[in-house]
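What follows is the content of protein25.cif, which has mmCIF, C-alpha atoms:
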```cif
data_work
#
loop_
_atom_site.group_PDB
_atom_site.id
_atom_site.type_symbol
_atom_site.label_atom_id
_atom_site.label_comp_id
_atom_site.auth_asym_id
_atom_site.auth_seq_id
_atom_site.Cartn_x
_atom_site.Cartn_y
_atom_site.Cartn_z
ATOM 1 C CA MET A 290 134.548 129.735 129.080
ATOM 2 C CA ALA A 291 135.167 126.152 130.130
ATOM 3 C CA VAL A 292 138.666 124.807 129.989
ATOM 4 C CA ALA A 293 140.190 121.484 130.873
ATOM 5 C CA SER A 294 143.440 121.578 132.801
ATOM 6 C CA ALA A 295 145.986 118.930 133.506
ATOM 7 C CA ALA A 296 148.271 119.462 136.473
ATOM 8 C CA ILE A 297 151.849 118.413 136.197
ATOM 9 C CA ASP A 298 153.499 117.557 139.526
ATOM 10 C CA THR A 299 157.207 117.752 139.149
ATOM 11 C CA LEU A 300 159.603 118.119 142.084
ATOM 12 C CA VAL A 301 163.201 119.004 141.451
ATOM 13 C CA ASP A 302 165.434 116.286 142.790
ATOM 14 C CA PRO A 303 168.699 117.849 143.995
ATOM 15 C CA GLU A 304 170.516 114.522 143.834
ATOM 16 C CA ILE A 305 170.239 114.298 140.068
ATOM 17 C CA ASP A 306 170.470 118.027 139.387
ATOM 18 C CA SER A 307 173.736 118.678 137.577
ATOM 19 C CA THR A 308 173.390 122.465 137.552
ATOM 20 C CA PRO A 309 176.325 124.007 139.487
ATOM 21 C CA ASP A 310 175.531 126.294 142.343
ATOM 22 C CA VAL A 311 177.889 128.975 141.084
ATOM 23 C CA VAL A 312 179.107 129.451 137.558
ATOM 24 C CA ASP A 313 182.214 131.611 137.519
ATOM 25 C CA THR A 314 180.991 133.391 140.628
ATOM 26 C CA VAL A 315 177.978 134.636 138.692
ATOM 27 C CA ALA A 316 174.562 134.495 140.396
ATOM 28 C CA LEU A 317 172.111 131.967 138.983
ATOM 29 C CA ALA A 318 169.218 134.367 139.568
ATOM 30 C CA ARG A 319 168.093 137.345 141.565
ATOM 31 C CA LEU A 320 165.348 137.163 144.151
ATOM 32 C CA TYR A 321 163.952 140.514 145.321
ATOM 33 C CA GLY A 322 167.140 142.146 144.052
ATOM 34 C CA GLU A 323 169.464 139.811 145.942
ATOM 35 C CA PRO A 324 171.772 137.428 143.991
ATOM 36 C CA LEU A 325 170.958 133.719 144.260
ATOM 37 C CA PHE A 326 174.015 131.464 143.932
ATOM 38 C CA ASN A 327 172.449 128.148 145.102
ATOM 39 C CA ILE A 328 169.278 126.362 144.062
ATOM 40 C CA PRO A 329 166.851 126.190 147.014
ATOM 41 C CA GLN A 330 166.724 122.687 148.504
ATOM 42 C CA ASP A 331 163.083 123.049 149.720
ATOM 43 C CA LEU A 332 161.650 124.120 146.365
ATOM 44 C CA TYR A 333 157.977 123.072 146.105
ATOM 45 C CA ILE A 334 155.789 123.237 143.005
ATOM 46 C CA PRO A 335 152.049 122.926 143.817
ATOM 47 C CA PRO A 336 150.012 120.486 141.731
ATOM 48 C CA ASP A 337 148.049 123.254 139.963
ATOM 49 C CA ALA A 338 151.095 125.434 139.284
ATOM 50 C CA LEU A 339 151.029 124.545 135.623
ATOM 51 C CA GLU A 340 147.785 124.356 133.669
ATOM 52 C CA VAL A 341 147.655 123.091 130.145
ATOM 53 C CA PHE A 342 144.674 124.627 128.367
ATOM 54 C CA LEU A 343 142.961 122.354 125.911
ATOM 55 C CA GLU A 344 140.316 123.357 123.417
ATOM 56 C CA ALA A 345 138.145 126.228 124.716
ATOM 57 C CA PHE A 346 134.387 125.961 124.382
ATOM 58 C CA GLU A 347 131.542 128.356 124.982
ATOM 59 C CA GLY A 348 129.234 125.715 126.437
ATOM 60 C CA PRO A 349 127.878 122.171 126.040
ATOM 61 C CA LEU A 350 126.519 122.799 122.541
ATOM 62 C CA ASP A 351 129.864 124.204 121.440
ATOM 63 C CA LEU A 352 131.689 121.120 122.739
ATOM 64 C CA LEU A 353 129.188 118.755 121.165
ATOM 65 C CA LEU A 354 129.410 120.550 117.811
ATOM 66 C CA TYR A 355 133.201 120.420 118.001
ATOM 67 C CA LEU A 356 133.200 116.644 118.529
ATOM 68 C CA ILE A 357 130.822 116.135 115.595
ATOM 69 C CA ARG A 358 132.644 118.403 113.140
ATOM 70 C CA LYS A 359 136.120 117.223 114.133
ATOM 71 C CA GLN A 360 135.281 113.623 113.169
ATOM 72 C CA ASN A 361 133.163 114.590 110.151
ATOM 73 C CA PHE A 362 130.001 113.057 111.570
ATOM 74 C CA ASN A 363 126.732 113.822 109.824
ATOM 75 C CA VAL A 364 124.868 116.197 112.085
ATOM 76 C CA LEU A 365 121.565 114.781 110.826
ATOM 77 C CA ASP A 366 122.653 111.218 111.740
ATOM 78 C CA ILE A 367 124.729 111.545 114.912
ATOM 79 C CA PRO A 368 126.344 108.313 116.213
ATOM 80 C CA MET A 369 125.158 108.815 119.764
ATOM 81 C CA ALA A 370 127.300 106.089 121.340
ATOM 82 C CA GLU A 371 130.643 107.456 120.138
ATOM 83 C CA VAL A 372 129.755 111.109 120.685
ATOM 84 C CA THR A 373 128.434 110.414 124.172
ATOM 85 C CA ARG A 374 131.601 108.513 125.106
ATOM 86 C CA GLN A 375 133.873 111.353 123.986
ATOM 87 C CA TYR A 376 131.660 113.941 125.633
ATOM 88 C CA LEU A 377 131.707 112.156 128.992
ATOM 89 C CA SER A 378 135.486 111.821 128.770
ATOM 90 C CA TYR A 379 135.813 115.566 128.460
ATOM 91 C CA VAL A 380 133.327 116.200 131.284
ATOM 92 C CA ASP A 381 135.354 113.954 133.587
ATOM 93 C CA GLN A 382 138.396 116.173 132.996
ATOM 94 C CA ILE A 383 136.710 119.434 133.952
ATOM 95 C CA ARG A 384 134.627 118.035 136.825
ATOM 96 C CA ASN A 385 137.680 117.811 139.100
ATOM 97 C CA GLN A 386 138.633 121.431 138.501
ATOM 98 C CA ASN A 387 135.361 123.330 138.359
ATOM 99 C CA LEU A 388 132.338 121.531 139.696
ATOM 100 C CA GLU A 389 130.024 124.481 139.118
ATOM 101 C CA LEU A 390 131.049 124.720 135.475
ATOM 102 C CA ALA A 391 130.800 120.955 135.051
ATOM 103 C CA GLY A 392 127.138 121.014 136.152
ATOM 104 C CA GLU A 393 126.083 122.634 132.862
ATOM 105 C CA TYR A 394 127.970 120.001 130.893
ATOM 106 C CA LEU A 395 126.528 117.199 133.016
ATOM 107 C CA LEU A 396 123.024 118.345 132.071
ATOM 108 C CA MET A 397 123.871 117.907 128.407
ATOM 109 C CA ALA A 398 125.477 114.540 129.198
ATOM 110 C CA ALA A 399 122.232 113.382 130.800
ATOM 111 C CA MET A 400 120.374 114.476 127.675
ATOM 112 C CA LEU A 401 122.775 112.496 125.447
ATOM 113 C CA ILE A 402 122.364 109.392 127.574
ATOM 114 C CA GLU A 403 118.579 109.773 127.455
ATOM 115 C CA ILE A 404 118.639 110.055 123.651
ATOM 116 C CA LYS A 405 120.938 107.047 123.424
ATOM 117 C CA SER A 406 118.648 104.978 125.648
ATOM 118 C CA ARG A 407 115.552 105.977 123.655
ATOM 119 C CA MET A 408 117.250 104.902 120.453
ATOM 120 C CA LEU A 409 117.867 101.418 121.929
ATOM 121 C CA LEU A 410 114.147 100.922 122.516
ATOM 122 C CA PRO A 411 112.095 99.334 119.717
ATOM 123 C CA VAL A 412 110.434 101.874 117.436
ATOM 124 C CA ARG A 413 106.675 102.105 117.883
ATOM 125 C CA LYS A 414 104.153 104.030 115.885
ATOM 126 C CA SER A 415 101.967 106.625 117.513
ATOM 127 C CA ASP A 416 98.256 106.249 118.147
ATOM 128 C CA ASN A 417 97.369 107.941 114.836
ATOM 129 C CA GLY A 418 99.627 105.598 112.872
ATOM 130 C CA GLU A 419 102.404 108.096 112.164
ATOM 131 C CA GLU A 420 106.045 107.339 112.842
ATOM 132 C CA VAL A 421 107.510 108.644 116.082
ATOM 133 C CA GLU A 422 109.920 111.547 115.701
ATOM 134 C CA ASP A 423 113.624 110.709 115.879
ATOM 135 C CA PRO A 424 114.886 111.270 119.465
ATOM 136 C CA ARG A 425 117.830 113.179 118.016
ATOM 137 C CA ALA A 426 115.644 115.691 116.144
ATOM 138 C CA GLU A 427 115.493 118.316 118.894
ATOM 139 C CA LEU A 428 119.240 118.055 119.523
ATOM 140 C CA VAL A 429 119.978 118.368 115.818
ATOM 141 C CA ARG A 430 117.808 121.501 115.586
ATOM 142 C CA ARG A 431 119.613 123.125 118.486
ATOM 143 C CA LEU A 432 123.021 122.235 117.039
ATOM 144 C CA LEU A 433 122.193 123.685 113.613
ATOM 145 C CA GLU A 434 120.840 126.899 115.112
ATOM 146 C CA TYR A 435 123.878 127.229 117.344
ATOM 147 C CA GLU A 436 126.265 126.611 114.438
ATOM 148 C CA GLN A 437 124.488 129.234 112.348
ATOM 149 C CA MET A 438 124.791 131.839 115.101
ATOM 150 C CA LYS A 439 128.415 130.889 115.755
ATOM 151 C CA LEU A 440 129.374 131.329 112.084
ATOM 152 C CA ALA A 441 127.584 134.690 112.021
ATOM 153 C CA ALA A 442 129.498 135.772 115.141
ATOM 154 C CA GLN A 443 132.796 134.739 113.548
ATOM 155 C CA LYS A 444 132.015 136.790 110.439
ATOM 156 C CA LEU A 445 131.190 139.806 112.586
ATOM 157 C CA ASP A 446 134.390 139.345 114.590
ATOM 158 C CA ALA A 447 136.402 139.195 111.356
ATOM 159 C CA LEU A 448 135.242 142.690 110.398
ATOM 160 C CA PRO A 449 137.756 145.467 111.114
ATOM 161 C CA LEU A 450 137.165 146.894 114.570
ATOM 162 C CA LEU A 451 138.118 150.355 115.731
ATOM 163 C CA GLY A 452 140.710 150.126 118.494
ATOM 164 C CA ARG A 453 141.563 146.522 117.677
ATOM 165 C CA ASP A 454 142.459 146.466 113.990
ATOM 166 C CA PHE A 455 142.855 150.138 113.239
ATOM 167 C CA GLU A 456 142.865 153.514 114.889
ATOM 168 C CA ARG A 457 141.022 156.595 113.809
ATOM 169 C CA ALA A 458 143.389 159.183 112.416
ATOM 170 C CA ASN A 459 143.180 162.624 113.968
ATOM 171 C CA ALA A 460 144.792 165.689 112.517
ATOM 172 C CA GLN A 461 144.692 169.331 113.412
ATOM 173 C CA MET A 462 145.374 172.129 111.011
ATOM 174 C CA ASP A 463 145.425 175.808 111.745
ATOM 175 C CA LEU A 464 144.322 177.570 108.597
ATOM 176 C CA SER A 465 143.243 181.129 108.060
ATOM 177 C CA VAL A 466 140.737 181.122 105.262
ATOM 178 C CA GLU A 467 139.995 184.403 103.563
ATOM 179 C CA ARG A 468 136.399 184.794 102.565
ATOM 180 C CA MET A 469 136.063 185.376 98.859
ATOM 181 C CA LEU A 470 133.438 187.888 97.818
ATOM 182 C CA PRO A 471 131.216 186.834 94.936
ATOM 183 C CA GLU A 472 131.543 188.524 91.569
ATOM 184 C CA VAL A 473 128.601 190.789 90.785
ATOM 185 C CA SER A 474 127.624 191.701 87.236
ATOM 186 C CA ALA A 475 125.354 194.432 85.896
ATOM 187 C CA ASP A 476 122.586 191.886 85.318
ATOM 188 C CA ASP A 477 122.768 190.797 88.948
ATOM 189 C CA LEU A 478 122.354 194.407 90.094
ATOM 190 C CA ARG A 479 119.422 194.915 87.717
ATOM 191 C CA LEU A 480 117.661 191.791 88.991
ATOM 192 C CA ALA A 481 118.295 192.798 92.608
ATOM 193 C CA TRP A 482 116.832 196.254 91.957
ATOM 194 C CA GLN A 483 113.746 194.747 90.308
ATOM 195 C CA ASP A 484 113.265 192.481 93.310
ATOM 196 C CA ILE A 485 113.486 195.487 95.669
ATOM 197 C CA MET A 486 110.908 197.418 93.647
ATOM 198 C CA LYS A 487 108.600 194.411 93.609
ATOM 199 C CA ARG A 488 108.810 194.131 97.378
ATOM 200 C CA ALA A 489 108.226 197.876 97.734
ATOM 201 C CA LYS A 490 104.989 197.610 95.755
ATOM 202 C CA LEU A 491 103.803 194.789 97.966
ATOM 203 C CA ASN A 492 104.423 196.887 101.083
ATOM 204 C CA ALA A 493 103.009 200.146 99.655
ATOM 205 C CA HIS A 494 100.367 201.947 101.730
ATOM 206 C CA HIS A 495 97.289 203.648 100.280
ATOM 207 C CA GLN A 496 97.101 207.229 101.473
ATOM 208 C CA ILE A 497 93.596 208.654 101.886
ATOM 209 C CA THR A 498 93.265 212.429 102.144
ATOM 210 C CA ARG A 499 90.192 213.996 103.641
ATOM 211 C CA GLU A 500 88.435 216.493 101.395
ATOM 212 C CA GLN A 501 86.098 219.039 102.875
ATOM 213 C CA LEU A 502 82.836 219.040 100.880
ATOM 214 C CA SER A 503 79.953 221.269 101.922
ATOM 215 C CA VAL A 504 76.364 220.192 101.137
ATOM 216 C CA ARG A 505 75.208 223.780 101.780
ATOM 217 C CA ASP A 506 77.491 225.156 99.049
ATOM 218 C CA HIS A 507 76.178 222.610 96.550
ATOM 219 C CA MET A 508 72.585 223.496 97.510
ATOM 220 C CA THR A 509 73.309 227.160 96.717
ATOM 221 C CA HIS A 510 74.914 226.189 93.405
ATOM 222 C CA ILE A 511 71.805 224.161 92.365
ATOM 223 C CA LEU A 512 69.445 227.016 93.262
ATOM 224 C CA ARG A 513 71.485 229.455 91.149
ATOM 225 C CA ARG A 514 71.417 227.141 88.124
ATOM 226 C CA LEU A 515 67.670 226.577 88.350
ATOM 227 C CA SER A 516 66.916 230.282 88.831
ATOM 228 C CA ASP A 517 67.645 230.974 85.153
ATOM 229 C CA THR A 518 65.512 228.182 83.719
ATOM 230 C CA ARG A 519 62.039 226.874 84.243
ATOM 231 C CA PHE A 520 62.804 223.158 83.945
ATOM 232 C CA MET A 521 66.074 221.237 83.851
ATOM 233 C CA GLU A 522 66.512 217.554 83.092
ATOM 234 C CA PHE A 523 67.842 215.519 85.943
ATOM 235 C CA THR A 524 70.962 214.332 84.093
ATOM 236 C CA ASP A 525 71.827 217.847 82.961
ATOM 237 C CA LEU A 526 72.048 218.908 86.573
ATOM 238 C CA PHE A 527 75.084 216.609 87.034
ATOM 239 C CA MET A 528 76.702 216.673 83.577
ATOM 240 C CA GLU A 529 78.511 219.879 84.352
ATOM 241 C CA ARG A 530 80.285 218.203 87.274
ATOM 242 C CA VAL A 531 81.037 215.085 85.238
ATOM 243 C CA ASN A 532 82.443 217.021 82.305
ATOM 244 C CA GLU A 533 84.707 218.981 84.600
ATOM 245 C CA GLY A 534 86.211 215.658 85.829
ATOM 246 C CA GLU A 535 85.039 216.029 89.372
ATOM 247 C CA PRO A 536 85.661 212.984 91.587
ATOM 248 C CA ALA A 537 82.832 210.678 92.558
ATOM 249 C CA ALA A 538 82.704 212.172 96.040
ATOM 250 C CA VAL A 539 81.750 215.574 94.606
ATOM 251 C CA ILE A 540 78.985 214.026 92.468
ATOM 252 C CA VAL A 541 77.608 212.224 95.513
ATOM 253 C CA VAL A 542 77.564 215.431 97.579
ATOM 254 C CA HIS A 543 75.858 217.235 94.703
ATOM 255 C CA PHE A 544 73.148 214.557 94.650
ATOM 256 C CA ILE A 545 72.677 214.816 98.419
ATOM 257 C CA ALA A 546 72.311 218.585 98.090
ATOM 258 C CA MET A 547 69.501 218.066 95.536
ATOM 259 C CA LEU A 548 67.716 215.651 97.897
ATOM 260 C CA GLU A 549 68.095 218.112 100.755
ATOM 261 C CA LEU A 550 66.476 220.872 98.667
ATOM 262 C CA ALA A 551 63.605 218.547 97.810
ATOM 263 C CA ARG A 552 63.165 217.656 101.500
ATOM 264 C CA GLU A 553 62.978 221.364 102.397
ATOM 265 C CA SER A 554 60.354 221.869 99.602
ATOM 266 C CA LEU A 555 62.638 224.246 97.720
ATOM 267 C CA LEU A 556 62.895 221.904 94.764
ATOM 268 C CA GLU A 557 60.396 219.817 92.814
ATOM 269 C CA ILE A 558 61.261 216.598 91.003
ATOM 270 C CA THR A 559 58.663 215.566 88.412
ATOM 271 C CA GLN A 560 58.153 212.760 85.896
ATOM 272 C CA ALA A 561 55.261 212.638 83.403
ATOM 273 C CA GLU A 562 55.084 208.862 83.126
ATOM 274 C CA PRO A 563 57.138 205.772 84.002
ATOM 275 C CA TYR A 564 60.533 205.684 82.300
ATOM 276 C CA ALA A 565 60.009 209.228 81.089
ATOM 277 C CA PRO A 566 62.733 211.847 81.646
ATOM 278 C CA ILE A 567 62.977 213.292 85.127
ATOM 279 C CA TYR A 568 62.841 217.073 85.434
ATOM 280 C CA VAL A 569 63.881 219.379 88.226
ATOM 281 C CA ARG A 570 62.562 222.901 88.881
ATOM 282 C CA LEU A 571 62.271 225.385 91.671
ATOM 283 C CA ALA A 572 59.211 225.003 93.863
ATOM 284 C CA TYR A 573 58.596 228.805 93.699
ATOM 285 C CA THR A 574 60.446 231.797 92.553
ATOM 286 C CA ILE A 575 63.094 232.857 95.069
ATOM 287 C CA ALA A 576 65.784 235.397 94.999
ATOM 288 C CA VAL A 577 69.195 233.909 94.903
ATOM 289 C CA GLU A 578 72.170 236.099 95.667
#
```

Render the structure in this file as structure tokens.
Amino acid sequence: MAVASAAIDTLVDPEIDSTPDVVDTVALARLYGEPLFNIPQDLYIPPDALEVFLEAFEGPLDLLLYLIRKQNFNVLDIPMAEVTRQYLSYVDQIRNQNLELAGEYLLMAAMLIEIKSRMLLPVRKSDNGEEVEDPRAELVRRLLEYEQMKLAAQKLDALPLLGRDFERANAQMDLSVERMLPEVSADDLRLAWQDIMKRAKLNAHHQITREQLSVRDHMTHILRRLSDTRFMEFTDLFMERVNEGEPAAVIVVHFIAMLELARESLLEITQAEPYAPIYVRLAYTIAVE
């Protein structure tokens, strides 16, 4: 932040000082805890002991915008002569105090002088016949952009800020909260039980029991049935098992037993013509116990 300071050099003249050394034996001041009854005769105030701070600016653009807005100049039609004169006056004040800071302002001053000198030259058209851009156009664009950002920053700064405008309230409370159990109705229990049963069905396991079926026993049973008859229709050989409600496994074993008898030439399977009934009979007469 650039500031302009004016030093005030004032030496206290003891000859015209009317302040008494001692007022009712009361010390005028205390220095390092010791009472001071007389004003020092060799009091010296350095030139930069007192600084008067003028308007504070963030940079050359801020100063230039301040000079324009303070005098209600039109930013699109800046009177370069007057603004440059006021700007250089301010730069002269800060150059004696802070040369490094003044360098940034001097760069803007050189730009203002260049714009002013270009405006004094006669206006000439460009090679393509168009009018030459106003020398102040670039400066005006920078000023408007800077002013827009500055106003936005001011609005943000005006917002309440934690730690500056307000503090966050903190409170501690020691409470013992008793957990309330939900109320359960009969319908809730019924629905819960139905859900449990549904899950149980999904997780049910199919138990398979092994049944001992003997092909040899079924072969003996077929031979006994055929021993009393000459021919038997194929379906009649199995209807007895079906009517008794035997499981499919028993019917399958019974069929395998018939095929085994046919393979051992103990049983003949005959059919007169295609699609005619199938008959089963013993291959020869045997004694069946």

Contacts of Val531 in chain A within 9 Å, only C-alpha atoms, excl. fewer than 5 positions in-chain, as a PyMOL selection string = chain A and resi 536-537+540

ask   = Can you list, as a ChimeraX atom specification, the residues that the PyMOL selection byres ((chain A and resi 512-516) around 12) selects here?
value = /A:505-511,517-523,525-527,529,543,546-547,549-551,555-557,568-578

Hey, can you spit out that residue selection with C-alpha atoms as a PDB file, in the frame of the given file?
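And here's selection-v7.pdb as it stands now:
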```
ATOM      1  CA  ARG A 505      75.208 223.780 101.780  1.00  0.00           C
ATOM      2  CA  ASP A 506      77.491 225.156  99.049  1.00  0.00           C
ATOM      3  CA  HIS A 507      76.178 222.610  96.550  1.00  0.00           C
ATOM      4  CA  MET A 508      72.585 223.496  97.510  1.00  0.00           C
ATOM      5  CA  THR A 509      73.309 227.160  96.717  1.00  0.00           C
ATOM      6  CA  HIS A 510      74.914 226.189  93.405  1.00  0.00           C
ATOM      7  CA  ILE A 511      71.805 224.161  92.365  1.00  0.00           C
ATOM      8  CA  ASP A 517      67.645 230.974  85.153  1.00  0.00           C
ATOM      9  CA  THR A 518      65.512 228.182  83.719  1.00  0.00           C
ATOM     10  CA  ARG A 519      62.039 226.874  84.243  1.00  0.00           C
ATOM     11  CA  PHE A 520      62.804 223.158  83.945  1.00  0.00           C
ATOM     12  CA  MET A 521      66.074 221.237  83.851  1.00  0.00           C
ATOM     13  CA  GLU A 522      66.512 217.554  83.092  1.00  0.00           C
ATOM     14  CA  PHE A 523      67.842 215.519  85.943  1.00  0.00           C
ATOM     15  CA  ASP A 525      71.827 217.847  82.961  1.00  0.00           C
ATOM     16  CA  LEU A 526      72.048 218.908  86.573  1.00  0.00           C
ATOM     17  CA  PHE A 527      75.084 216.609  87.034  1.00  0.00           C
ATOM     18  CA  GLU A 529      78.511 219.879  84.352  1.00  0.00           C
ATOM     19  CA  HIS A 543      75.858 217.235  94.703  1.00  0.00           C
ATOM     20  CA  ALA A 546      72.311 218.585  98.090  1.00  0.00           C
ATOM     21  CA  MET A 547      69.501 218.066  95.536  1.00  0.00           C
ATOM     22  CA  GLU A 549      68.095 218.112 100.755  1.00  0.00           C
ATOM     23  CA  LEU A 550      66.476 220.872  98.667  1.00  0.00           C
ATOM     24  CA  ALA A 551      63.605 218.547  97.810  1.00  0.00           C
ATOM     25  CA  LEU A 555      62.638 224.246  97.720  1.00  0.00           C
ATOM     26  CA  LEU A 556      62.895 221.904  94.764  1.00  0.00           C
ATOM     27  CA  GLU A 557      60.396 219.817  92.814  1.00  0.00           C
ATOM     28  CA  TYR A 568      62.841 217.073  85.434  1.00  0.00           C
ATOM     29  CA  VAL A 569      63.881 219.379  88.226  1.00  0.00           C
ATOM     30  CA  ARG A 570      62.562 222.901  88.881  1.00  0.00           C
ATOM     31  CA  LEU A 571      62.271 225.385  91.671  1.00  0.00           C
ATOM     32  CA  ALA A 572      59.211 225.003  93.863  1.00  0.00           C
ATOM     33  CA  TYR A 573      58.596 228.805  93.699  1.00  0.00           C
ATOM     34  CA  THR A 574      60.446 231.797  92.553  1.00  0.00           C
ATOM     35  CA  ILE A 575      63.094 232.857  95.069  1.00  0.00           C
ATOM     36  CA  ALA A 576      65.784 235.397  94.999  1.00  0.00           C
ATOM     37  CA  VAL A 577      69.195 233.909  94.903  1.00  0.00           C
ATOM     38  CA  GLU A 578      72.170 236.099  95.667  1.00  0.00           C
TER      39      GLU A 578
END
```

task = Name all residues at most 10 Å from Gln360 in chain A (count only C-alpha atoms; drop same-chain ones fewer than 4 positions away) and give them as a PyMOL selection string.
result = chain A and resi 355-356+372

ask   = Hey, can you check how far CA of Asp476 in chain A sits from CA of His494 in chain A?
value =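 These two atoms are separated by 29.4 Å.
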
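Our summary of the geometry notes that CA of Arg374 in chain A is positioned 9.7 Å from CA of Leu401 in chain A.
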
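Between CA of Gly348 in chain A and CA of Leu445 in chain A there is a distance of 19.9 Å.
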
query = Which is closest to Glu436 in chain A among A:Val539, A:Val364, A:Ala316, A:Leu396, if we use all atoms listed in the file?
reply =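 Of A:Val539, A:Val364, A:Ala316, A:Leu396, the one nearest Glu436 in chain A is A:Val364, counting all atoms listed in the file.
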
Some atoms are absent from range 477-483 of chain A, so rebuild all heavy atoms and return them as a PDB file, in the frame of the given file.
```pdb
ATOM      1  N   ASP A 477     123.117 191.125  87.565  1.00  0.00           N
ATOM      2  CA  ASP A 477     122.768 190.797  88.948  1.00  0.00           C
ATOM      3  C   ASP A 477     122.223 192.017  89.687  1.00  0.00           C
ATOM      4  O   ASP A 477     121.246 191.922  90.452  1.00  0.00           O
ATOM      5  CB  ASP A 477     123.999 190.251  89.681  1.00  0.00           C
ATOM      6  CG  ASP A 477     124.469 188.929  89.087  1.00  0.00           C
ATOM      7  OD1 ASP A 477     123.614 188.202  88.540  1.00  0.00           O
ATOM      8  OD2 ASP A 477     125.674 188.633  89.174  1.00  0.00           O
ATOM      9  N   LEU A 478     122.841 193.182  89.452  1.00  0.00           N
ATOM     10  CA  LEU A 478     122.354 194.407  90.094  1.00  0.00           C
ATOM     11  C   LEU A 478     120.960 194.772  89.591  1.00  0.00           C
ATOM     12  O   LEU A 478     120.089 195.209  90.367  1.00  0.00           O
ATOM     13  CB  LEU A 478     123.327 195.553  89.818  1.00  0.00           C
ATOM     14  CG  LEU A 478     124.704 195.442  90.486  1.00  0.00           C
ATOM     15  CD1 LEU A 478     125.591 196.589  90.029  1.00  0.00           C
ATOM     16  CD2 LEU A 478     124.571 195.445  92.000  1.00  0.00           C
ATOM     17  N   ARG A 479     120.731 194.595  88.281  1.00  0.00           N
ATOM     18  CA  ARG A 479     119.422 194.915  87.717  1.00  0.00           C
ATOM     19  C   ARG A 479     118.334 194.012  88.312  1.00  0.00           C
ATOM     20  O   ARG A 479     117.254 194.471  88.692  1.00  0.00           O
ATOM     21  CB  ARG A 479     119.460 194.759  86.201  1.00  0.00           C
ATOM     22  CG  ARG A 479     118.124 195.046  85.513  1.00  0.00           C
ATOM     23  CD  ARG A 479     118.283 194.973  84.004  1.00  0.00           C
ATOM     24  NE  ARG A 479     118.812 193.683  83.618  1.00  0.00           N
ATOM     25  CZ  ARG A 479     118.071 192.572  83.480  1.00  0.00           C
ATOM     26  NH1 ARG A 479     116.759 192.627  83.718  1.00  0.00           N
ATOM     27  NH2 ARG A 479     118.607 191.436  83.101  1.00  0.00           N
ATOM     28  N   LEU A 480     118.641 192.716  88.415  1.00  0.00           N
ATOM     29  CA  LEU A 480     117.661 191.791  88.991  1.00  0.00           C
ATOM     30  C   LEU A 480     117.401 192.085  90.465  1.00  0.00           C
ATOM     31  O   LEU A 480     116.268 191.980  90.952  1.00  0.00           O
ATOM     32  CB  LEU A 480     118.155 190.353  88.813  1.00  0.00           C
ATOM     33  CG  LEU A 480     118.232 189.845  87.371  1.00  0.00           C
ATOM     34  CD1 LEU A 480     118.848 188.445  87.325  1.00  0.00           C
ATOM     35  CD2 LEU A 480     116.847 189.829  86.730  1.00  0.00           C
ATOM     36  N   ALA A 481     118.472 192.457  91.191  1.00  0.00           N
ATOM     37  CA  ALA A 481     118.295 192.798  92.608  1.00  0.00           C
ATOM     38  C   ALA A 481     117.422 194.039  92.772  1.00  0.00           C
ATOM     39  O   ALA A 481     116.559 194.110  93.658  1.00  0.00           O
ATOM     40  CB  ALA A 481     119.659 193.008  93.263  1.00  0.00           C
ATOM     41  N   TRP A 482     117.650 195.036  91.886  1.00  0.00           N
ATOM     42  CA  TRP A 482     116.832 196.254  91.957  1.00  0.00           C
ATOM     43  C   TRP A 482     115.376 195.963  91.631  1.00  0.00           C
ATOM     44  O   TRP A 482     114.468 196.495  92.282  1.00  0.00           O
ATOM     45  CB  TRP A 482     117.393 197.308  91.006  1.00  0.00           C
ATOM     46  CG  TRP A 482     116.550 198.528  90.913  1.00  0.00           C
ATOM     47  CD1 TRP A 482     115.767 198.936  89.883  1.00  0.00           C
ATOM     48  CD2 TRP A 482     116.381 199.513  91.940  1.00  0.00           C
ATOM     49  NE1 TRP A 482     115.122 200.098  90.174  1.00  0.00           N
ATOM     50  CE2 TRP A 482     115.481 200.490  91.453  1.00  0.00           C
ATOM     51  CE3 TRP A 482     116.900 199.677  93.221  1.00  0.00           C
ATOM     52  CZ2 TRP A 482     115.098 201.595  92.192  1.00  0.00           C
ATOM     53  CZ3 TRP A 482     116.520 200.774  93.961  1.00  0.00           C
ATOM     54  CH2 TRP A 482     115.633 201.719  93.444  1.00  0.00           C
ATOM     55  N   GLN A 483     115.117 195.112  90.636  1.00  0.00           N
ATOM     56  CA  GLN A 483     113.746 194.747  90.308  1.00  0.00           C
ATOM     57  C   GLN A 483     113.069 194.021  91.470  1.00  0.00           C
ATOM     58  O   GLN A 483     111.893 194.225  91.743  1.00  0.00           O
ATOM     59  CB  GLN A 483     113.731 193.856  89.061  1.00  0.00           C
ATOM     60  CG  GLN A 483     114.102 194.592  87.782  1.00  0.00           C
ATOM     61  CD  GLN A 483     114.105 193.671  86.575  1.00  0.00           C
ATOM     62  OE1 GLN A 483     113.949 192.449  86.709  1.00  0.00           O
ATOM     63  NE2 GLN A 483     114.301 194.245  85.396  1.00  0.00           N
TER      64      GLN A 483
END
```
